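So this one's run_32.cif, mmCIF, C-alpha atoms:
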```cif
data_protein
#
loop_
_atom_site.label_atom_id
_atom_site.label_comp_id
_atom_site.auth_asym_id
_atom_site.auth_seq_id
_atom_site.Cartn_x
_atom_site.Cartn_y
_atom_site.Cartn_z
CA MET E 466 31.04 -10.38 1.42
CA PRO E 467 30.03 -13.77 2.83
CA VAL E 468 30.07 -16.39 0.12
CA ASP E 469 27.37 -18.55 1.64
CA SER E 470 24.77 -15.82 1.40
CA ALA E 471 25.17 -15.50 -2.35
CA THR E 472 23.01 -18.52 -3.04
CA GLU E 473 20.05 -17.50 -0.93
CA ASN E 474 20.15 -14.01 -2.35
CA GLU E 475 20.25 -15.18 -5.91
CA VAL E 476 17.43 -13.59 -7.85
CA PRO E 477 15.95 -15.30 -10.86
CA PRO E 478 16.38 -13.21 -13.99
CA GLN E 479 13.60 -10.65 -14.15
CA PRO E 480 13.52 -8.73 -17.35
CA MET E 481 11.28 -6.03 -15.96
CA GLY E 482 10.53 -4.89 -12.41
CA ILE E 483 7.05 -4.62 -10.98
CA VAL E 484 7.11 -0.89 -10.86
CA GLU E 485 8.04 -0.71 -14.53
CA GLN E 486 5.29 -3.09 -15.41
CA LEU E 487 2.78 -1.14 -13.38
CA VAL E 488 3.75 2.09 -15.01
CA ARG E 489 3.41 0.48 -18.41
CA ASP E 490 0.11 -1.13 -17.67
CA ASP E 491 -2.27 1.41 -16.24
CA SER E 492 -5.11 -0.99 -15.54
CA ASP E 493 -2.81 -3.15 -13.43
CA ARG E 494 -1.71 -0.12 -11.53
CA LYS E 495 -5.27 0.94 -10.79
CA ARG E 496 -6.10 -2.55 -9.65
CA PHE E 497 -3.05 -2.43 -7.46
CA LEU E 498 -3.96 0.91 -5.95
CA LYS E 499 -7.42 -0.37 -5.24
CA MET E 500 -5.90 -3.30 -3.39
CA ALA E 501 -3.65 -1.02 -1.45
CA GLY E 502 -6.69 0.85 -0.20
CA SER E 503 -8.69 -2.19 0.74
CA ALA E 504 -8.77 -4.09 3.97
CA GLY E 505 -8.16 -7.23 1.97
CA ALA E 506 -4.56 -6.31 1.36
CA ALA E 507 -3.42 -7.85 4.58
CA SER E 508 0.28 -7.86 4.03
CA PHE E 509 3.16 -6.52 2.08
CA GLY E 510 3.48 -9.92 0.44
CA ALA E 511 -0.06 -9.64 -0.85
CA PHE E 512 0.79 -6.51 -2.80
CA VAL E 513 3.80 -8.14 -4.30
CA LEU E 514 2.18 -11.43 -5.20
CA ALA E 515 -0.75 -9.64 -6.81
CA ALA E 516 1.62 -7.69 -8.98
CA CYS E 517 3.41 -10.83 -9.96
CA GLY E 518 0.22 -12.57 -10.99
CA SER E 519 -1.34 -9.62 -12.74
CA SER E 520 1.63 -8.95 -14.91
CA SER E 521 2.10 -12.44 -16.29
CA SER E 522 -0.07 -11.71 -19.32
CA SER E 523 2.42 -9.16 -20.53
CA SER E 524 5.34 -11.56 -20.33
CA SER E 525 5.46 -12.11 -24.07
CA SER E 526 6.66 -8.58 -24.58
CA SER E 527 8.63 -8.21 -21.40
CA THR E 528 11.89 -9.75 -22.57
CA ALA E 529 12.12 -7.17 -25.31
CA ALA E 530 11.04 -4.29 -23.06
CA ALA E 531 12.34 -1.09 -24.57
CA PRO E 532 14.79 0.48 -22.12
CA ALA E 533 13.93 3.95 -23.34
CA ALA E 534 10.32 3.58 -22.32
CA THR E 535 11.20 2.54 -18.78
CA THR E 536 14.12 4.78 -17.94
CA SER E 537 12.34 6.97 -15.42
CA SER E 538 10.59 4.09 -13.74
CA SER E 539 13.87 2.20 -13.58
CA SER E 540 15.37 5.03 -11.65
CA ALA E 541 12.36 5.10 -9.32
CA ASN E 542 12.71 1.36 -9.00
CA THR E 543 16.37 1.61 -8.06
CA ASN E 544 15.52 4.29 -5.53
CA ASP E 545 12.85 2.16 -3.88
CA ILE E 546 15.03 -0.96 -3.87
CA GLY E 547 17.68 1.02 -2.02
CA ILE E 548 15.17 2.15 0.58
CA LEU E 549 13.76 -1.35 0.97
CA ASN E 550 17.26 -2.78 1.44
CA TYR E 551 17.94 -0.18 4.09
CA ALA E 552 14.70 -1.14 5.84
CA LEU E 553 15.62 -4.82 5.47
CA THR E 554 18.93 -4.18 7.22
CA LEU E 555 17.12 -2.61 10.15
CA GLU E 556 14.56 -5.42 10.27
CA TYR E 557 17.35 -8.02 10.28
CA LEU E 558 18.84 -6.28 13.29
CA GLU E 559 15.50 -6.06 15.09
CA THR E 560 14.77 -9.71 14.38
CA GLU E 561 18.15 -10.79 15.69
CA PHE E 562 17.77 -8.56 18.71
CA TYR E 563 14.48 -10.18 19.69
CA ALA E 564 15.85 -13.66 18.98
CA LYS E 565 18.70 -13.03 21.41
CA VAL E 566 16.39 -11.51 24.01
CA ILE E 567 14.11 -14.53 23.80
CA ALA E 568 17.10 -16.91 23.98
CA ALA E 569 18.29 -15.11 27.13
CA LYS E 570 14.96 -15.97 28.81
CA LEU E 571 14.80 -12.61 30.52
CA PHE E 572 11.06 -12.20 30.24
CA SER E 573 8.16 -14.45 31.07
CA GLY E 574 4.40 -14.22 31.29
CA SER E 575 2.58 -11.50 29.36
CA VAL E 576 5.75 -9.49 28.74
CA GLY E 577 7.56 -12.56 27.44
CA SER E 578 4.62 -13.22 25.18
CA LEU E 579 4.68 -9.67 23.80
CA ILE E 580 8.41 -9.95 23.13
CA LYS E 581 7.86 -13.18 21.23
CA THR E 582 5.04 -11.62 19.22
CA PHE E 583 7.10 -8.59 18.31
CA GLY E 584 10.09 -10.74 17.36
CA ALA E 585 7.88 -12.84 15.09
CA GLN E 586 6.46 -9.68 13.50
CA GLU E 587 9.92 -8.34 12.77
CA ALA E 588 10.69 -11.65 11.09
CA THR E 589 7.61 -11.24 8.88
CA HIS E 590 8.92 -7.79 7.95
CA VAL E 591 12.21 -9.37 6.90
CA ALA E 592 10.40 -11.93 4.76
CA ALA E 593 8.10 -9.34 3.18
CA LEU E 594 10.87 -6.86 2.42
CA THR E 595 13.03 -9.61 0.95
CA ALA E 596 10.19 -10.71 -1.31
CA ALA E 597 9.43 -7.14 -2.32
CA ILE E 598 13.02 -6.37 -3.25
CA LYS E 599 13.18 -9.50 -5.38
CA GLN E 600 9.89 -8.65 -7.06
CA LEU E 601 11.23 -5.21 -7.91
CA GLY E 602 14.18 -6.90 -9.59
CA GLY E 603 16.65 -6.04 -6.84
CA THR E 604 18.99 -8.13 -4.75
CA PRO E 605 18.20 -8.24 -1.03
CA VAL E 606 21.14 -7.36 1.19
CA ALA E 607 22.76 -10.20 3.07
CA LYS E 608 21.70 -10.72 6.66
CA VAL E 609 23.66 -8.45 8.93
CA GLU E 610 25.01 -9.80 12.18
CA GLY E 611 24.24 -7.84 15.30
CA LYS E 612 25.74 -7.61 18.74
CA PHE E 613 23.58 -6.43 21.57
CA PRO E 614 24.47 -5.79 25.19
CA ILE E 615 21.82 -8.05 26.65
CA THR E 616 22.28 -8.06 30.41
CA THR E 617 19.42 -7.46 32.81
CA ALA E 618 15.75 -7.48 31.90
CA ALA E 619 15.45 -3.79 32.73
CA ALA E 620 18.42 -2.76 30.58
CA THR E 621 17.23 -4.98 27.74
CA ALA E 622 13.75 -3.49 27.81
CA GLU E 623 15.32 -0.03 27.64
CA LEU E 624 17.33 -1.15 24.63
CA ALA E 625 14.17 -2.50 22.98
CA TYR E 626 12.56 0.90 23.55
CA THR E 627 15.50 2.59 21.80
CA VAL E 628 15.53 0.10 18.94
CA GLU E 629 11.79 0.35 18.22
CA ASN E 630 11.70 4.13 18.41
CA LEU E 631 14.63 4.25 16.03
CA GLY E 632 12.87 1.89 13.64
CA ALA E 633 9.71 3.99 13.65
CA SER E 634 11.63 7.20 12.97
CA ALA E 635 13.65 5.47 10.22
CA TYR E 636 10.52 4.44 8.31
CA LEU E 637 9.04 7.89 8.80
CA GLY E 638 12.19 9.45 7.35
CA GLN E 639 12.01 7.31 4.22
CA ALA E 640 8.30 7.56 3.48
CA PRO E 641 8.46 10.82 1.48
CA LEU E 642 11.39 9.46 -0.54
CA ILE E 643 9.57 6.36 -1.78
CA GLN E 644 8.49 6.64 -5.41
CA SER E 645 6.03 3.77 -5.77
CA LYS E 646 2.62 4.19 -4.13
CA GLN E 647 2.53 0.46 -3.50
CA VAL E 648 5.89 0.41 -1.78
CA LEU E 649 4.82 3.45 0.23
CA ALA E 650 1.59 1.77 1.33
CA ALA E 651 3.54 -1.26 2.44
CA ALA E 652 6.19 0.77 4.25
CA LEU E 653 3.47 2.66 6.10
CA SER E 654 1.83 -0.59 7.14
CA ILE E 655 5.13 -1.58 8.76
CA HIS E 656 5.84 1.91 10.13
CA SER E 657 2.76 2.00 12.32
CA VAL E 658 3.50 -1.48 13.66
CA GLU E 659 6.97 -0.34 14.73
CA ALA E 660 5.25 2.57 16.45
CA ARG E 661 2.90 0.17 18.24
CA HIS E 662 5.92 -1.85 19.41
CA ALA E 663 7.69 1.30 20.63
CA SER E 664 4.63 2.46 22.54
CA THR E 665 4.02 -0.95 24.09
CA ILE E 666 7.60 -1.19 25.31
CA GLY E 667 7.30 2.37 26.55
CA THR E 668 4.52 1.22 28.88
CA LEU E 669 6.82 -1.55 30.20
CA VAL E 670 9.81 0.69 30.90
CA LYS E 671 7.63 3.58 32.12
CA LYS E 672 8.97 5.92 29.50
CA SER E 673 7.06 8.26 27.23
CA LEU E 674 4.82 6.51 24.74
CA THR E 675 5.22 9.52 22.49
CA PRO E 676 8.79 10.75 23.07
CA ASP E 677 8.50 13.32 20.26
CA GLY E 678 5.17 14.69 21.48
CA ALA E 679 2.18 14.93 19.15
CA PHE E 680 4.28 14.75 15.98
CA ALA E 681 6.79 11.95 15.53
CA LYS E 682 10.17 13.04 14.23
CA PRO E 683 11.68 11.37 11.17
CA ALA E 684 15.30 10.24 11.14
CA ASP E 685 17.34 10.21 7.96
CA MET E 686 19.55 7.36 6.86
CA SER E 687 22.80 8.78 8.23
CA GLU E 688 21.30 9.42 11.68
CA VAL E 689 19.89 5.92 11.83
CA LEU E 690 23.05 4.23 10.60
CA ALA E 691 25.10 6.15 13.16
CA ALA E 692 22.70 4.98 15.87
CA VAL E 693 22.79 1.32 14.85
CA LYS E 694 26.55 1.16 14.21
CA PRO E 695 27.33 0.06 17.78
CA PHE E 696 25.01 -2.90 17.23
CA LEU E 697 26.69 -4.17 14.07
CA ALA E 698 28.95 -7.12 14.75
CA MET I 406 -15.97 1.47 -14.04
CA SER I 407 -17.41 -1.68 -12.57
CA THR I 408 -13.99 -3.13 -11.82
CA GLN I 409 -13.15 -0.03 -9.85
CA THR I 410 -16.24 -0.14 -7.71
CA GLN I 411 -15.40 -0.76 -4.13
CA GLU I 412 -17.82 -2.84 -2.14
CA LEU I 413 -18.67 -1.32 1.18
CA MET I 414 -19.01 -3.21 4.37
CA ASN I 415 -22.24 -1.57 5.50
CA PRO I 416 -25.23 -2.95 3.62
CA GLU I 417 -26.94 0.45 3.62
CA LEU I 418 -23.96 1.91 1.81
CA ALA I 419 -23.52 -0.92 -0.63
CA GLU I 420 -24.88 1.10 -3.54
CA VAL I 421 -22.32 3.81 -3.19
CA GLU I 422 -19.52 3.83 -5.71
CA VAL I 423 -16.28 5.15 -4.36
CA HIS I 424 -13.91 5.18 -7.26
CA GLY I 425 -14.38 7.79 -9.89
CA LEU I 426 -15.96 10.24 -7.46
CA THR I 427 -14.25 13.11 -5.78
CA ARG I 428 -13.94 12.68 -2.07
CA ALA I 429 -16.40 15.50 -1.45
CA SER I 430 -19.05 13.98 -3.65
CA PHE I 431 -18.31 10.66 -2.06
CA MET I 432 -18.85 12.17 1.37
CA VAL I 433 -22.12 13.64 0.18
CA ARG I 434 -23.25 10.26 -1.04
CA GLY I 435 -22.16 8.66 2.19
CA ALA I 436 -24.07 11.24 4.13
CA LEU I 437 -27.16 10.73 2.01
CA ALA I 438 -26.93 7.02 2.58
CA ALA I 439 -26.65 7.75 6.28
CA GLY I 440 -29.74 9.92 5.98
CA ALA I 441 -31.69 6.93 4.85
CA VAL I 442 -30.76 5.28 8.12
CA TYR I 443 -30.56 8.08 10.64
CA GLY I 444 -33.09 10.50 9.15
CA VAL I 445 -32.57 13.20 6.56
CA SER I 446 -32.67 16.03 9.08
CA ALA I 447 -29.44 14.78 10.60
CA VAL I 448 -27.65 14.87 7.29
CA THR I 449 -27.85 18.40 5.95
CA PRO I 450 -25.05 20.11 7.89
CA PHE I 451 -22.71 17.22 7.19
CA VAL I 452 -23.44 17.48 3.48
CA SER I 453 -22.96 21.22 3.31
CA GLN I 454 -19.68 20.86 5.16
CA ALA I 455 -18.47 18.22 2.79
CA LEU I 456 -19.34 20.47 -0.15
CA ALA I 457 -17.67 23.47 1.42
CA ALA I 458 -14.62 21.44 2.26
CA GLY I 459 -14.06 20.18 -1.31
CA GLY I 460 -11.26 21.73 -3.27
CA GLY I 461 -9.69 18.44 -4.23
CA GLY I 462 -6.23 17.05 -3.78
CA ASP I 463 -4.24 17.19 -0.58
CA ALA I 464 -6.49 19.77 1.09
CA GLU I 465 -9.44 17.45 0.67
CA ILE I 466 -7.51 14.53 2.14
CA LEU I 467 -6.43 16.70 5.06
CA ASN I 468 -10.01 17.82 5.64
CA PHE I 469 -10.98 14.19 5.93
CA ALA I 470 -8.18 13.74 8.48
CA LEU I 471 -9.25 16.92 10.26
CA THR I 472 -12.75 15.53 10.75
CA LEU I 473 -11.25 12.44 12.39
CA GLU I 474 -8.99 14.53 14.60
CA TYR I 475 -11.94 16.70 15.66
CA LEU I 476 -13.70 13.48 16.55
CA GLU I 477 -10.80 12.14 18.62
CA SER I 478 -10.15 15.48 20.24
CA ALA I 479 -13.78 15.92 21.28
CA PHE I 480 -13.89 12.36 22.51
CA TYR I 481 -10.92 12.72 24.87
CA ASN I 482 -11.23 16.39 25.78
CA GLU I 483 -15.01 16.63 26.17
CA LYS I 484 -16.45 13.17 26.74
CA GLY I 485 -13.32 12.09 28.63
CA LYS I 486 -13.91 14.79 31.21
CA THR I 487 -17.50 13.86 31.99
CA VAL I 488 -17.58 10.09 31.87
CA GLY I 489 -15.75 9.57 35.16
CA LEU I 490 -12.33 8.26 34.22
CA SER I 491 -9.68 7.35 36.75
CA GLY I 492 -6.13 6.03 36.92
CA GLN I 493 -4.32 5.19 33.70
CA ALA I 494 -7.43 5.76 31.58
CA LYS I 495 -7.66 9.31 32.86
CA THR I 496 -3.97 9.93 32.21
CA TYR I 497 -4.21 8.60 28.66
CA ALA I 498 -7.34 10.62 27.92
CA THR I 499 -5.62 13.80 29.13
CA ASP I 500 -2.32 13.16 27.32
CA PHE I 501 -3.75 11.79 24.10
CA GLY I 502 -6.49 14.42 24.04
CA ALA I 503 -3.89 17.19 24.16
CA GLN I 504 -2.05 15.60 21.25
CA GLU I 505 -5.22 15.17 19.17
CA ALA I 506 -5.95 18.86 19.75
CA GLU I 507 -2.48 19.63 18.38
CA HIS I 508 -3.28 17.53 15.33
CA VAL I 509 -6.45 19.57 14.80
CA LYS I 510 -4.43 22.79 14.90
CA ALA I 511 -1.70 21.50 12.60
CA LEU I 512 -4.14 20.12 10.03
CA THR I 513 -6.18 23.32 10.08
CA ALA I 514 -3.04 25.34 9.39
CA ALA I 515 -1.89 22.92 6.68
CA ILE I 516 -5.24 23.07 4.88
CA LYS I 517 -5.14 26.87 4.93
CA SER I 518 -1.57 26.91 3.63
CA LEU I 519 -2.71 24.74 0.72
CA GLY I 520 -5.41 27.30 -0.06
CA GLY I 521 -8.22 25.09 1.22
CA THR I 522 -11.00 25.77 3.69
CA PRO I 523 -10.84 23.72 6.88
CA VAL I 524 -14.07 21.91 7.74
CA ALA I 525 -15.96 23.27 10.72
CA LYS I 526 -15.93 21.14 13.83
CA PRO I 527 -18.84 18.71 13.61
CA THR I 528 -21.11 17.90 16.53
CA PHE I 529 -20.52 14.44 17.89
CA VAL I 530 -22.43 11.94 19.93
CA PHE I 531 -20.47 9.35 21.89
CA PRO I 532 -22.44 6.34 23.11
CA VAL I 533 -20.31 5.72 26.19
CA SER I 534 -21.37 5.83 29.81
CA ASN I 535 -18.42 4.53 31.80
CA GLN I 536 -14.70 3.94 31.68
CA SER I 537 -15.03 0.54 30.10
CA SER I 538 -17.17 1.67 27.17
CA PHE I 539 -15.02 4.80 26.85
CA LEU I 540 -11.85 2.74 26.43
CA ALA I 541 -13.53 0.36 24.00
CA LEU I 542 -14.50 3.29 21.77
CA ALA I 543 -11.06 4.87 22.23
CA SER I 544 -9.54 1.66 20.86
CA THR I 545 -11.87 1.75 17.85
CA LEU I 546 -11.16 5.41 17.14
CA GLU I 547 -7.38 5.15 17.46
CA ASN I 548 -7.10 1.97 15.42
CA THR I 549 -9.44 3.38 12.78
CA GLY I 550 -7.30 6.52 12.74
CA VAL I 551 -4.20 4.47 11.98
CA GLY I 552 -5.93 2.69 9.10
CA ALA I 553 -7.37 5.95 7.79
CA TYR I 554 -4.01 7.72 7.58
CA ASN I 555 -2.29 4.64 6.17
CA GLY I 556 -5.01 4.34 3.53
CA ALA I 557 -4.97 8.02 2.57
CA ALA I 558 -1.23 8.69 2.67
CA PRO I 559 -0.32 7.10 -0.69
CA LYS I 560 -2.86 9.44 -2.35
CA ILE I 561 -1.12 12.54 -1.03
CA SER I 562 0.79 14.50 -3.69
CA SER I 563 2.95 16.81 -1.59
CA LYS I 564 5.98 15.27 0.11
CA GLU I 565 5.61 17.80 2.93
CA VAL I 566 1.99 16.88 3.52
CA LEU I 567 2.92 13.20 3.38
CA SER I 568 5.61 13.76 6.03
CA GLU I 569 3.13 15.52 8.27
CA ALA I 570 0.55 12.75 7.85
CA GLY I 571 3.28 10.21 8.64
CA SER I 572 4.30 12.00 11.80
CA ILE I 573 0.66 12.01 12.92
CA VAL I 574 -0.17 8.40 12.07
CA GLN I 575 2.81 7.25 14.10
CA ILE I 576 1.28 8.97 17.13
CA GLU I 577 -2.14 7.44 16.46
CA ALA I 578 -0.45 4.02 16.33
CA ARG I 579 1.25 4.67 19.67
CA HIS I 580 -2.07 5.71 21.20
CA ALA I 581 -3.82 2.69 19.70
CA ALA I 582 -1.30 0.24 21.13
CA ALA I 583 -1.44 1.77 24.60
CA ILE I 584 -5.24 1.78 24.74
CA ASN I 585 -5.37 -1.79 23.46
CA LEU I 586 -2.92 -2.93 26.13
CA LEU I 587 -4.98 -1.25 28.80
CA ILE I 588 -8.07 -3.25 27.84
CA ASN I 589 -6.15 -6.50 27.33
CA LYS I 590 -6.31 -6.42 23.55
CA SER I 591 -3.36 -7.03 21.28
CA PRO I 592 -1.30 -3.87 20.74
CA THR I 593 -0.84 -5.10 17.17
CA PRO I 594 -4.37 -6.17 16.18
CA ASN I 595 -3.43 -6.45 12.50
CA GLY I 596 -0.30 -8.51 13.10
CA GLY I 597 2.94 -7.41 11.47
CA PHE I 598 1.28 -5.15 8.89
CA ASP I 599 -1.34 -2.53 9.70
CA LYS I 600 -4.24 -2.57 7.29
CA PRO I 601 -4.98 0.58 5.31
CA LEU I 602 -8.63 1.64 5.39
CA SER I 603 -10.53 3.33 2.57
CA GLU I 604 -12.52 6.50 3.21
CA ALA I 605 -15.66 4.41 2.90
CA GLN I 606 -14.56 2.04 5.62
CA VAL I 607 -13.55 4.91 7.89
CA LEU I 608 -16.81 6.74 7.34
CA ALA I 609 -18.79 3.60 8.01
CA ALA I 610 -16.98 3.30 11.35
CA VAL I 611 -17.33 6.90 12.47
CA LYS I 612 -20.57 8.08 10.90
CA PRO I 613 -22.76 6.94 13.79
CA LEU I 614 -20.75 9.31 15.99
CA ILE I 615 -21.26 12.39 13.79
CA LYS I 616 -24.47 14.14 14.74
CA SER I 617 -24.10 17.09 12.40
#
```

I'd like the structure from this file rewritten - as C-alpha cells, please.
Amino acid sequence: MPVDSATENEVPPQPMGIVEQLVRDDSDRKRFLKMAGSAGAASFGAFVLAACGSSSSSSSSSTAAAPAATTSSSSANTNDIGILNYALTLEYLETEFYAKVIAAKLFSGSVGSLIKTFGAQEATHVAALTAAIKQLGGTPVAKVEGKFPITTAAATAELAYTVENLGASAYLGQAPLIQSKQVLAAALSIHSVEARHASTIGTLVKKSLTPDGAFAKPADMSEVLAAVKPFLA
Amino acid sequence: MSTQTQELMNPELAEVEVHGLTRASFMVRGALAAGAVYGVSAVTPFVSQALAAGGGGDAEILNFALTLEYLESAFYNEKGKTVGLSGQAKTYATDFGAQEAEHVKALTAAIKSLGGTPVAKPTFVFPVSNQSSFLALASTLENTGVGAYNGAAPKISSKEVLSEAGSIVQIEARHAAAINLLINKSPTPNGGFDKPLSEAQVLAAVKPLIKS
C-alpha cells in the first residue's frame, strides 16, 4: 500500500452516506430521481453534488443516525462503493493508457484529436467516480499503475479497441448489481460513452463496431480482472 | 405535485404533467397534445395503441422501447432501401437495420414473457430525401435511442430486463458513434457522460415521425 496515496484518499468523516440519506428522506430521493431523468443532469458529479446539497438540512440528526434504521441501505451502500471502486480501477487504467499513447505521439490529425478527447473523458470518469465514492462514504482505491505494450500505431489502436470493449462489457456486467438508482443512472451514462469509444476505435482499426452482434455481452468482475492483469504494473 | 412536474421542451406539450401519471396515460396525453398540432385524425391509432400497451411496470417500459426500435428498424430497413444510399452509409444502414430488427424481436418476446401485450408496429413518415438527410436523421434517432434507454433503465424492476436493456443501449451507442463520425460530428456528443432522456423528451423528438 503506497503511503503517499493515503493523504489524497483521505475522506472527511461522513456520518451517513448519500444512499442512506436518500432512503431516509423520500422527498430528496424523488427530487434526485427526477434529476436523473432530466437532461439537466449533465454529469455524474451533478448527481452527487445535488445529493450533498439537498441533504444538508438533515445534518442536525445525522450524527446520531440510528444504525438499525440504516442497516439495509448500508449494505447496499457498501455494495455500490465496491462496484464504483472496481470501475475506478478500470478508469485509472484507461486514463493512463491514453496518457501513454498521447505521450508516444503515435497519432496525429483527426485520430490524434479523438485519442486526446477519449483520454480526457476517461479522466473525467476517474474524477466523477472518485467523488461519488467519497460522497457515498467510501474510500476511493489508490491509483493503479499500468504497463502497456505501446509500439506501433496499428498495434496500439488494436489495444485501444480491446481496452474500450472490455470497459463497456465491464460496466454492462455490473449494471444489474448496482443497488442505488442514482449510481445506476450514472454508471449507464459512462457505459454508453465507453461503447461510443469502442465503436469509434473499431472504425479506425477496421474491426467490428459491434463485436457481440445486436446484443452486447456483459463481463463479470473475474473475467475483466483476468483480462486486465497483464496491464497491471 | 408541482415540484414533480417536469417541464417539457416543446411549447405545445408544456401543459403535460409527466410525474404522477402512468406511462400509458402519459403517452395518451402526449398524443392528444400532438393532435392539437398535427390534427386529431392522426392521433387516434396512436392513442389506442398506448392504451392497449399499458399494463404498467417493465412491460410498459419495454413497449416504449419497442416503439423506438420499430422506428429505427423501419428507418434503416425500409427508408434506407429507397433513399439511394451508397458506400459506408449503405453498409451501416444494412448492418444496423438488421440489429434493430433483432431488438424488435427480442423486446417483443420479452414483453410477452412478462405477460404484456407488445405494441403493434406504428406507421412512420421519414422526412428524408437523400443520403445526407438520411444520415442526419439516423444520428438523431440513434443518439435519442441511447438517451431513452439510459433514462428508462433505472426505472426497470427486473434485473434480467435491465441486463437486456443494457445490452441493447450499448449497441445503440455504438451505432450512434459510427453515424456521427461518418457525418463529421463528435462520436461523444454529450462529452464523458451520456445524458439520460425522459419519455417526454424522447416522444417530443420522435413524434413527428409517427404517422399512426

Notebook entry, point to check: For Asp545 of chain E, which residue out of E:Leu571, E:Leu594, E:Ala679, E:Val658 is the nearest one, using all atoms listed in the file?
Noted result: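 Nearest candidate to Asp545 of chain E out of E:Leu571, E:Leu594, E:Ala679, E:Val658: E:Leu594.
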
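Of the listed residues I:Ala479, I:Ala553, I:Leu467, I:Ala543, the one whose atoms come nearest to Lys517 of chain I is I:Leu467, with distances taken using all atoms listed in the file.
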
Next item on the list: Identify every residue of chain I that has at least one atom within 7 Å of any atom of chain E, counting only C-alpha atoms, and report the result as a PyMOL selection string.
Entry: chain I and resi 504+507+555-556+559+564+567-568+571-573+575-576+578-579+582-583+592-593+596-603

Checklist line | Residue nearest Glu561 of chain E - candidates E:Met686, E:Leu669, E:Leu697, E:Ala618, atoms counted: only C-alpha atoms | finding: E:Leu697

Next item on the list: Would you please work out which residue, of E:Ala698, E:Ala635, E:Ala620, E:Ile580, is nearest to Ala564 of chain E when using only C-alpha atoms?
Entry: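 Closest to Ala564 of chain E of all the choices is E:Ile580.
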
To box segment 521-529 of chain I, take all atoms listed in the file, fit an axis-aligned box, add 3 Å on each side, and give centre and edge lengths in Å to one decimal, as lines of an AutoDock Vina configuration file.
```
center_x = -14.7
center_y = 20.1
center_z = 9.6
size_x = 18.9
size_y = 17.3
size_z = 22.7
```

Notebook entry, point to check: Which value, in Å to one decimal, gives the distance between atom CA of Gly603 of chain E and atom CA of Gly547 of chain E?
Noted result: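 If I compute the distance from atom CA of Gly603 of chain E to atom CA of Gly547 of chain E, I get 8.6 Å.
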
Margin query: Can you translate the PyMOL selection byres ((chain I and resi 493-497) around 12) into the concrete residues it hits in this file, as JSON, numbers by chain?
Written below: {"E": [668, 673, 674, 675], "I": [481, 482, 484, 485, 486, 487, 488, 489, 490, 491, 492, 498, 499, 500, 501, 502, 503, 504, 505, 535, 536, 537, 538, 539, 540, 541, 543, 544, 579, 580, 581, 582, 583, 584, 585, 586, 587, 588]}
